[in-house]
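Source file: my_file.txt. Holds: compact mmCIF, N, CA and C atoms.
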```
# COMPACT_ATOMS: atom_id res chain seq x y z
N MET A 1 52.37 -8.54 38.43
CA MET A 1 52.34 -9.12 37.12
C MET A 1 51.17 -8.51 36.34
N MET A 2 51.36 -8.43 35.08
CA MET A 2 50.39 -7.79 34.22
C MET A 2 49.54 -8.84 33.50
N ASP A 3 48.21 -8.64 33.51
CA ASP A 3 47.32 -9.57 32.81
C ASP A 3 47.30 -9.23 31.32
N LEU A 4 47.24 -10.27 30.52
CA LEU A 4 47.14 -10.08 29.08
C LEU A 4 45.68 -9.99 28.69
N ILE A 5 45.35 -8.98 27.92
CA ILE A 5 43.99 -8.79 27.44
C ILE A 5 44.03 -8.97 25.93
N PRO A 6 43.21 -9.88 25.41
CA PRO A 6 43.25 -10.10 23.96
C PRO A 6 42.76 -8.85 23.22
N ARG A 7 43.42 -8.54 22.14
CA ARG A 7 43.06 -7.37 21.34
C ARG A 7 42.09 -7.78 20.24
N LYS A 8 41.04 -7.01 20.09
CA LYS A 8 40.04 -7.26 19.04
C LYS A 8 39.99 -6.02 18.15
N PRO A 9 40.80 -5.98 17.10
CA PRO A 9 40.94 -4.76 16.30
C PRO A 9 39.66 -4.36 15.55
N PHE A 10 38.76 -5.29 15.27
CA PHE A 10 37.57 -4.94 14.49
C PHE A 10 36.30 -4.89 15.33
N SER A 11 36.43 -4.87 16.63
CA SER A 11 35.25 -4.89 17.49
C SER A 11 34.44 -3.59 17.39
N GLU A 12 35.10 -2.49 17.04
CA GLU A 12 34.40 -1.22 16.95
C GLU A 12 33.68 -1.02 15.61
N VAL A 13 33.97 -1.84 14.62
CA VAL A 13 33.38 -1.67 13.30
C VAL A 13 31.86 -1.80 13.35
N GLY A 14 31.36 -2.75 14.13
CA GLY A 14 29.91 -2.93 14.23
C GLY A 14 29.20 -1.69 14.75
N SER A 15 29.72 -1.07 15.78
CA SER A 15 29.07 0.12 16.34
C SER A 15 29.19 1.31 15.39
N VAL A 16 30.31 1.42 14.67
CA VAL A 16 30.45 2.50 13.69
C VAL A 16 29.44 2.32 12.56
N ARG A 17 29.28 1.07 12.11
CA ARG A 17 28.30 0.80 11.04
C ARG A 17 26.88 1.13 11.51
N ASN A 18 26.53 0.74 12.73
CA ASN A 18 25.20 1.05 13.27
C ASN A 18 24.96 2.56 13.30
N GLU A 19 25.97 3.30 13.71
CA GLU A 19 25.84 4.76 13.76
C GLU A 19 25.68 5.34 12.37
N MET A 20 26.42 4.83 11.39
CA MET A 20 26.29 5.31 10.00
C MET A 20 24.90 4.99 9.44
N ASP A 21 24.39 3.79 9.72
CA ASP A 21 23.04 3.43 9.29
C ASP A 21 22.01 4.36 9.89
N ARG A 22 22.17 4.66 11.17
CA ARG A 22 21.22 5.56 11.85
C ARG A 22 21.25 6.95 11.22
N LEU A 23 22.44 7.48 10.94
CA LEU A 23 22.56 8.80 10.33
C LEU A 23 21.98 8.81 8.92
N TRP A 24 22.26 7.77 8.15
CA TRP A 24 21.74 7.69 6.78
C TRP A 24 20.21 7.64 6.78
N ASN A 25 19.62 6.82 7.65
CA ASN A 25 18.16 6.73 7.74
C ASN A 25 17.56 8.06 8.17
N ARG A 26 18.21 8.74 9.09
CA ARG A 26 17.72 10.05 9.54
C ARG A 26 17.76 11.05 8.39
N PHE A 27 18.83 11.02 7.60
CA PHE A 27 18.94 11.91 6.45
C PHE A 27 17.80 11.67 5.47
N LEU A 28 17.51 10.41 5.16
CA LEU A 28 16.44 10.09 4.20
C LEU A 28 15.07 10.46 4.74
N ASP A 29 14.85 10.31 6.05
CA ASP A 29 13.57 10.68 6.64
C ASP A 29 13.33 12.18 6.56
N ASP A 30 14.40 12.97 6.61
CA ASP A 30 14.29 14.43 6.58
C ASP A 30 14.36 15.00 5.17
N TRP A 31 14.39 14.13 4.16
CA TRP A 31 14.50 14.60 2.79
C TRP A 31 13.36 15.54 2.47
N PRO A 32 13.62 16.70 1.88
CA PRO A 32 12.56 17.70 1.70
C PRO A 32 11.51 17.37 0.66
N LEU A 33 11.81 16.51 -0.30
CA LEU A 33 10.82 16.20 -1.33
C LEU A 33 9.89 15.10 -0.87
N PRO A 34 8.59 15.28 -1.01
CA PRO A 34 7.67 14.20 -0.65
C PRO A 34 7.89 12.98 -1.52
N THR A 35 7.54 11.81 -1.00
CA THR A 35 7.76 10.58 -1.75
C THR A 35 6.92 10.53 -3.02
N MET A 36 5.85 11.32 -3.10
CA MET A 36 5.04 11.27 -4.31
C MET A 36 5.81 11.76 -5.52
N PHE A 37 6.85 12.57 -5.32
CA PHE A 37 7.64 13.03 -6.46
C PHE A 37 8.65 11.98 -6.89
N THR A 38 9.01 11.08 -6.01
CA THR A 38 9.99 10.07 -6.36
C THR A 38 9.35 8.76 -6.78
N ARG A 39 8.19 8.42 -6.27
CA ARG A 39 7.57 7.15 -6.57
C ARG A 39 6.25 7.28 -7.31
N GLY A 40 5.65 8.42 -7.36
CA GLY A 40 4.32 8.56 -7.92
C GLY A 40 3.28 8.37 -6.83
N TRP A 41 2.07 8.71 -7.15
CA TRP A 41 0.99 8.65 -6.16
C TRP A 41 0.33 7.29 -6.18
N GLU A 42 0.07 6.75 -5.02
CA GLU A 42 -0.70 5.52 -4.88
C GLU A 42 -1.81 5.78 -3.88
N PRO A 43 -3.04 5.44 -4.23
CA PRO A 43 -4.12 5.67 -3.28
C PRO A 43 -3.95 4.80 -2.03
N MET A 44 -4.31 5.35 -0.89
CA MET A 44 -4.27 4.60 0.37
C MET A 44 -5.48 3.66 0.38
N ALA A 45 -5.29 2.48 0.97
CA ALA A 45 -6.37 1.50 0.95
C ALA A 45 -6.39 0.68 2.23
N ASP A 46 -7.58 0.24 2.61
CA ASP A 46 -7.79 -0.69 3.72
C ASP A 46 -8.37 -1.97 3.13
N ILE A 47 -7.89 -3.11 3.62
CA ILE A 47 -8.43 -4.40 3.20
C ILE A 47 -8.87 -5.13 4.46
N SER A 48 -10.11 -5.57 4.47
CA SER A 48 -10.61 -6.31 5.63
C SER A 48 -11.32 -7.57 5.15
N GLU A 49 -11.54 -8.48 6.10
CA GLU A 49 -12.15 -9.77 5.76
C GLU A 49 -13.22 -10.09 6.79
N THR A 50 -14.34 -10.57 6.30
CA THR A 50 -15.38 -11.10 7.17
C THR A 50 -15.49 -12.60 6.84
N LYS A 51 -16.46 -13.23 7.44
CA LYS A 51 -16.66 -14.67 7.20
C LYS A 51 -16.93 -14.97 5.74
N ASP A 52 -17.67 -14.06 5.06
CA ASP A 52 -18.13 -14.33 3.70
C ASP A 52 -17.50 -13.49 2.60
N LYS A 53 -16.72 -12.45 2.97
CA LYS A 53 -16.24 -11.55 1.91
C LYS A 53 -14.97 -10.82 2.30
N LEU A 54 -14.31 -10.28 1.28
CA LEU A 54 -13.21 -9.34 1.44
C LEU A 54 -13.75 -7.97 1.09
N ILE A 55 -13.26 -6.95 1.77
CA ILE A 55 -13.69 -5.58 1.50
C ILE A 55 -12.44 -4.73 1.32
N VAL A 56 -12.36 -4.04 0.18
CA VAL A 56 -11.25 -3.13 -0.10
C VAL A 56 -11.84 -1.73 -0.18
N LYS A 57 -11.26 -0.80 0.59
CA LYS A 57 -11.68 0.60 0.54
C LYS A 57 -10.45 1.42 0.17
N ALA A 58 -10.55 2.15 -0.95
CA ALA A 58 -9.44 2.96 -1.44
C ALA A 58 -9.86 4.42 -1.52
N GLU A 59 -8.99 5.30 -1.03
CA GLU A 59 -9.26 6.74 -1.08
C GLU A 59 -8.80 7.29 -2.42
N LEU A 60 -9.75 7.88 -3.15
CA LEU A 60 -9.45 8.45 -4.47
C LEU A 60 -10.08 9.83 -4.57
N PRO A 61 -9.59 10.79 -3.77
CA PRO A 61 -10.20 12.11 -3.75
C PRO A 61 -10.04 12.84 -5.08
N GLY A 62 -11.09 13.57 -5.45
CA GLY A 62 -11.03 14.38 -6.65
C GLY A 62 -11.28 13.64 -7.94
N LEU A 63 -11.61 12.36 -7.86
CA LEU A 63 -11.87 11.58 -9.07
C LEU A 63 -13.36 11.31 -9.21
N ASP A 64 -13.75 10.95 -10.42
CA ASP A 64 -15.09 10.49 -10.72
C ASP A 64 -14.99 9.01 -11.06
N PRO A 65 -16.09 8.25 -10.94
CA PRO A 65 -16.03 6.82 -11.27
C PRO A 65 -15.51 6.55 -12.68
N GLU A 66 -15.74 7.47 -13.62
CA GLU A 66 -15.28 7.28 -15.00
C GLU A 66 -13.75 7.35 -15.09
N ASP A 67 -13.09 7.92 -14.08
CA ASP A 67 -11.63 8.06 -14.09
C ASP A 67 -10.92 6.81 -13.56
N ILE A 68 -11.69 5.83 -13.10
CA ILE A 68 -11.12 4.67 -12.40
C ILE A 68 -11.41 3.40 -13.19
N LYS A 69 -10.40 2.53 -13.29
CA LYS A 69 -10.57 1.22 -13.92
C LYS A 69 -10.22 0.17 -12.87
N LEU A 70 -11.06 -0.82 -12.73
CA LEU A 70 -10.89 -1.89 -11.75
C LEU A 70 -10.83 -3.21 -12.49
N SER A 71 -9.82 -4.06 -12.17
CA SER A 71 -9.71 -5.35 -12.84
C SER A 71 -9.23 -6.42 -11.87
N LEU A 72 -9.57 -7.67 -12.19
CA LEU A 72 -9.14 -8.82 -11.40
C LEU A 72 -8.56 -9.84 -12.37
N SER A 73 -7.31 -10.21 -12.14
CA SER A 73 -6.65 -11.22 -12.95
C SER A 73 -6.09 -12.27 -12.01
N GLY A 74 -6.75 -13.44 -11.97
CA GLY A 74 -6.36 -14.46 -11.00
C GLY A 74 -6.65 -13.96 -9.60
N ASP A 75 -5.61 -13.85 -8.78
CA ASP A 75 -5.80 -13.33 -7.42
C ASP A 75 -5.25 -11.91 -7.27
N LEU A 76 -5.05 -11.19 -8.39
CA LEU A 76 -4.49 -9.85 -8.37
C LEU A 76 -5.56 -8.82 -8.71
N LEU A 77 -5.94 -8.03 -7.72
CA LEU A 77 -6.92 -6.96 -7.90
C LEU A 77 -6.15 -5.68 -8.19
N THR A 78 -6.52 -4.98 -9.28
CA THR A 78 -5.81 -3.77 -9.68
C THR A 78 -6.78 -2.60 -9.82
N ILE A 79 -6.40 -1.49 -9.18
CA ILE A 79 -7.12 -0.23 -9.31
C ILE A 79 -6.19 0.71 -10.07
N GLN A 80 -6.68 1.27 -11.16
CA GLN A 80 -5.85 2.22 -11.90
C GLN A 80 -6.73 3.33 -12.43
N GLY A 81 -6.10 4.41 -12.77
CA GLY A 81 -6.84 5.54 -13.30
C GLY A 81 -5.96 6.74 -13.50
N GLU A 82 -6.61 7.88 -13.64
CA GLU A 82 -5.87 9.11 -13.85
C GLU A 82 -6.61 10.27 -13.20
N LYS A 83 -5.85 11.07 -12.50
CA LYS A 83 -6.37 12.29 -11.90
C LYS A 83 -5.92 13.43 -12.81
N LYS A 84 -6.87 14.04 -13.47
CA LYS A 84 -6.54 15.06 -14.46
C LYS A 84 -6.16 16.37 -13.80
N LYS A 85 -5.23 17.06 -14.43
CA LYS A 85 -4.77 18.36 -13.92
C LYS A 85 -5.85 19.40 -14.21
N GLU A 86 -6.06 20.25 -13.22
CA GLU A 86 -7.05 21.31 -13.41
C GLU A 86 -6.51 22.36 -14.39
N LYS A 87 -7.42 22.99 -15.07
CA LYS A 87 -7.03 24.04 -16.02
C LYS A 87 -6.51 25.24 -15.24
N GLU A 88 -5.35 25.76 -15.68
CA GLU A 88 -4.76 26.91 -15.00
C GLU A 88 -5.26 28.20 -15.62
N GLU A 89 -5.38 29.21 -14.78
CA GLU A 89 -5.75 30.54 -15.26
C GLU A 89 -4.53 31.17 -15.94
N LYS A 90 -4.77 32.07 -16.86
CA LYS A 90 -3.71 32.67 -17.66
C LYS A 90 -2.68 33.40 -16.79
N ASP A 91 -3.12 34.23 -15.87
CA ASP A 91 -2.20 35.04 -15.05
C ASP A 91 -2.03 34.46 -13.65
N GLU A 92 -2.27 33.17 -13.50
CA GLU A 92 -2.18 32.55 -12.18
C GLU A 92 -0.73 32.24 -11.82
N HIS A 93 -0.32 32.63 -10.61
CA HIS A 93 1.02 32.35 -10.11
C HIS A 93 0.89 31.41 -8.92
N HIS A 94 1.68 30.35 -8.89
CA HIS A 94 1.59 29.35 -7.82
C HIS A 94 2.65 29.60 -6.76
N TYR A 95 2.25 29.51 -5.52
CA TYR A 95 3.18 29.59 -4.40
C TYR A 95 3.56 28.20 -3.92
N SER A 96 2.66 27.27 -4.13
CA SER A 96 2.90 25.89 -3.70
C SER A 96 2.05 24.96 -4.57
N LEU A 97 2.65 23.87 -5.03
CA LEU A 97 1.92 22.85 -5.79
C LEU A 97 2.17 21.51 -5.11
N GLU A 98 1.18 21.02 -4.37
CA GLU A 98 1.32 19.77 -3.64
C GLU A 98 0.36 18.69 -4.10
N ARG A 99 -0.73 19.08 -4.77
CA ARG A 99 -1.71 18.08 -5.19
C ARG A 99 -1.20 17.34 -6.40
N TYR A 100 -1.42 16.04 -6.39
CA TYR A 100 -0.92 15.17 -7.44
C TYR A 100 -1.91 15.12 -8.60
N SER A 101 -1.38 15.07 -9.81
CA SER A 101 -2.20 14.78 -10.98
C SER A 101 -1.38 13.82 -11.85
N GLY A 102 -2.10 12.98 -12.57
CA GLY A 102 -1.45 12.00 -13.42
C GLY A 102 -2.02 10.62 -13.19
N SER A 103 -1.43 9.65 -13.84
CA SER A 103 -1.97 8.29 -13.73
C SER A 103 -1.44 7.59 -12.48
N PHE A 104 -2.19 6.60 -12.03
CA PHE A 104 -1.81 5.81 -10.87
C PHE A 104 -2.24 4.37 -11.08
N GLN A 105 -1.63 3.47 -10.31
CA GLN A 105 -2.01 2.06 -10.32
C GLN A 105 -1.65 1.47 -8.97
N ARG A 106 -2.55 0.68 -8.43
CA ARG A 106 -2.32 0.00 -7.16
C ARG A 106 -2.87 -1.42 -7.29
N SER A 107 -2.07 -2.42 -6.94
CA SER A 107 -2.49 -3.82 -7.04
C SER A 107 -2.40 -4.49 -5.69
N PHE A 108 -3.31 -5.43 -5.46
CA PHE A 108 -3.38 -6.19 -4.21
C PHE A 108 -3.50 -7.67 -4.54
N ARG A 109 -2.71 -8.49 -3.90
CA ARG A 109 -2.83 -9.93 -4.05
C ARG A 109 -3.86 -10.39 -3.02
N LEU A 110 -4.94 -11.00 -3.50
CA LEU A 110 -6.03 -11.43 -2.62
C LEU A 110 -5.63 -12.71 -1.90
N PRO A 111 -5.91 -12.79 -0.60
CA PRO A 111 -5.50 -13.96 0.17
C PRO A 111 -6.39 -15.19 -0.02
N VAL A 112 -7.57 -15.00 -0.62
CA VAL A 112 -8.51 -16.11 -0.81
C VAL A 112 -9.14 -16.01 -2.20
N GLU A 113 -9.75 -17.12 -2.65
CA GLU A 113 -10.49 -17.10 -3.91
C GLU A 113 -11.81 -16.36 -3.72
N VAL A 114 -12.20 -15.60 -4.75
CA VAL A 114 -13.45 -14.85 -4.69
C VAL A 114 -14.34 -15.22 -5.88
N LEU A 115 -15.61 -14.91 -5.74
CA LEU A 115 -16.57 -15.13 -6.83
C LEU A 115 -16.51 -13.92 -7.76
N GLU A 116 -15.82 -14.07 -8.87
CA GLU A 116 -15.57 -12.96 -9.78
C GLU A 116 -16.85 -12.30 -10.29
N ASP A 117 -17.88 -13.09 -10.57
CA ASP A 117 -19.11 -12.54 -11.13
C ASP A 117 -20.00 -11.87 -10.08
N LYS A 118 -19.62 -11.91 -8.81
CA LYS A 118 -20.41 -11.30 -7.74
C LYS A 118 -19.72 -10.08 -7.13
N ILE A 119 -18.59 -9.64 -7.70
CA ILE A 119 -17.87 -8.48 -7.16
C ILE A 119 -18.71 -7.22 -7.35
N ASP A 120 -18.74 -6.40 -6.30
CA ASP A 120 -19.52 -5.16 -6.33
C ASP A 120 -18.58 -3.99 -6.00
N ALA A 121 -18.66 -2.92 -6.79
CA ALA A 121 -17.83 -1.74 -6.53
C ALA A 121 -18.72 -0.50 -6.48
N LYS A 122 -18.53 0.30 -5.43
CA LYS A 122 -19.29 1.53 -5.27
C LYS A 122 -18.31 2.67 -5.00
N PHE A 123 -18.65 3.86 -5.50
CA PHE A 123 -17.80 5.02 -5.31
C PHE A 123 -18.63 6.13 -4.69
N ASP A 124 -18.23 6.58 -3.49
CA ASP A 124 -18.98 7.60 -2.78
C ASP A 124 -18.03 8.50 -2.00
N LYS A 125 -18.14 9.81 -2.22
CA LYS A 125 -17.36 10.82 -1.50
C LYS A 125 -15.86 10.54 -1.55
N GLY A 126 -15.37 10.13 -2.72
CA GLY A 126 -13.94 9.92 -2.89
C GLY A 126 -13.42 8.59 -2.38
N VAL A 127 -14.31 7.70 -1.96
CA VAL A 127 -13.88 6.39 -1.45
C VAL A 127 -14.48 5.29 -2.33
N LEU A 128 -13.61 4.46 -2.90
CA LEU A 128 -14.03 3.31 -3.69
C LEU A 128 -14.12 2.11 -2.75
N THR A 129 -15.30 1.50 -2.65
CA THR A 129 -15.50 0.32 -1.82
C THR A 129 -15.78 -0.87 -2.73
N ILE A 130 -14.90 -1.87 -2.62
CA ILE A 130 -15.02 -3.07 -3.45
C ILE A 130 -15.35 -4.23 -2.53
N THR A 131 -16.47 -4.90 -2.79
CA THR A 131 -16.88 -6.06 -2.01
C THR A 131 -16.67 -7.30 -2.86
N LEU A 132 -15.86 -8.23 -2.33
CA LEU A 132 -15.50 -9.43 -3.07
C LEU A 132 -15.97 -10.65 -2.28
N PRO A 133 -17.12 -11.25 -2.66
CA PRO A 133 -17.59 -12.44 -1.95
C PRO A 133 -16.62 -13.61 -2.11
N LYS A 134 -16.39 -14.33 -1.03
CA LYS A 134 -15.49 -15.48 -1.07
C LYS A 134 -16.15 -16.66 -1.76
N SER A 135 -15.34 -17.46 -2.42
CA SER A 135 -15.87 -18.69 -3.02
C SER A 135 -16.03 -19.74 -1.93
N ALA A 136 -16.77 -20.80 -2.24
CA ALA A 136 -17.00 -21.87 -1.25
C ALA A 136 -15.68 -22.51 -0.82
N LYS A 137 -14.70 -22.56 -1.73
CA LYS A 137 -13.40 -23.14 -1.41
C LYS A 137 -12.66 -22.32 -0.37
N SER A 138 -12.99 -21.04 -0.30
CA SER A 138 -12.26 -20.13 0.58
C SER A 138 -12.71 -20.18 2.03
N HIS A 139 -13.90 -20.67 2.26
CA HIS A 139 -14.42 -20.68 3.63
C HIS A 139 -13.60 -21.65 4.48
N LYS A 140 -13.25 -21.20 5.67
CA LYS A 140 -12.47 -22.04 6.57
C LYS A 140 -13.36 -23.14 7.15
N LYS A 141 -12.80 -24.30 7.23
CA LYS A 141 -13.52 -25.41 7.84
C LYS A 141 -12.72 -25.84 9.05
N GLU A 142 -13.37 -25.82 10.19
CA GLU A 142 -12.69 -26.25 11.40
C GLU A 142 -12.65 -27.76 11.43
N ILE A 143 -11.52 -28.29 11.81
CA ILE A 143 -11.34 -29.73 11.88
C ILE A 143 -11.22 -30.12 13.34
N LYS A 144 -12.06 -31.06 13.73
CA LYS A 144 -12.06 -31.52 15.12
C LYS A 144 -10.87 -32.43 15.35
N ILE A 145 -10.18 -32.19 16.44
CA ILE A 145 -9.03 -33.02 16.82
C ILE A 145 -9.49 -34.01 17.87
N ASN A 146 -9.37 -35.30 17.52
CA ASN A 146 -9.79 -36.36 18.44
C ASN A 146 -8.64 -36.75 19.35
N LYS A 147 -9.00 -37.19 20.52
CA LYS A 147 -8.02 -37.67 21.47
C LYS A 147 -7.52 -39.03 21.02
N ALA A 148 -6.21 -39.22 21.07
CA ALA A 148 -5.62 -40.50 20.67
C ALA A 148 -6.02 -41.59 21.66
N LYS A 149 -6.22 -42.81 21.15
CA LYS A 149 -6.64 -43.93 22.01
C LYS A 149 -5.47 -44.77 22.43
```

Output the file's structure as structure tokens, nothing else.
Amino acid sequence: MMDLIPRKPFSEVGSVRNEMDRLWNRFLDDWPLPTMFTRGWEPMADISETKDKLIVKAELPGLDPEDIKLSLSGDLLTIQGEKKKEKEEKDEHHYSLERYSGSFQRSFRLPVEVLEDKIDAKFDKGVLTITLPKSAKSHKKEIKINKAK
């Protein structure tokens, strides 16, 4: 006697879709144009937190402090500016142009309240370091858990 096996006509669709997704992602990863041509340049940044402050470090190579504008609106910290294009020589021929020039903007939502009037920004060797002291409301307070009676 022959056993009946239920037929599932769409069972293969999931694996075909997964394979198509994998191929599509691989195609986009191998795209020859750098993302800076499609999205614009954004400076790379690190954000860290200590007990008393937030520290933001942003890489801005080739800029001067006068080229950078820093602002805080509520809990949104914004770094913006412009990297000016270098003057080209009259008979200069380019083999490759990879360095970015033009305006940029990068914003960060701060996780805690800061003292706006105590913010300090320093620019050294292409790195902008922003120190944002936390407000008293931002400091964590540990709450003791009592044993139930």

Can you work out which one of A:Gly74, A:Pro43, A:Pro133, A:Gly102 has the shortest atom-to-atom distance to A:Pro61, counting only C-alpha atoms? A:Pro43

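Atom pair atom C of A:Phe108 / atom N of A:Asp75: separated by 7.8 Å.
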
Distance of atom C of A:Thr131 from atom N of A:Ile119, expressed in Å to one decimal place: 5.7 Å

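Across the model, the gap from atom CA of A:Lys134 to atom CA of A:Glu116 is 9.1 Å.
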
A:Ile130 proximity check over A:Arg99, A:Lys147, A:Lys57, A:Lys51, using all atoms listed in the file: winner is A:Lys57
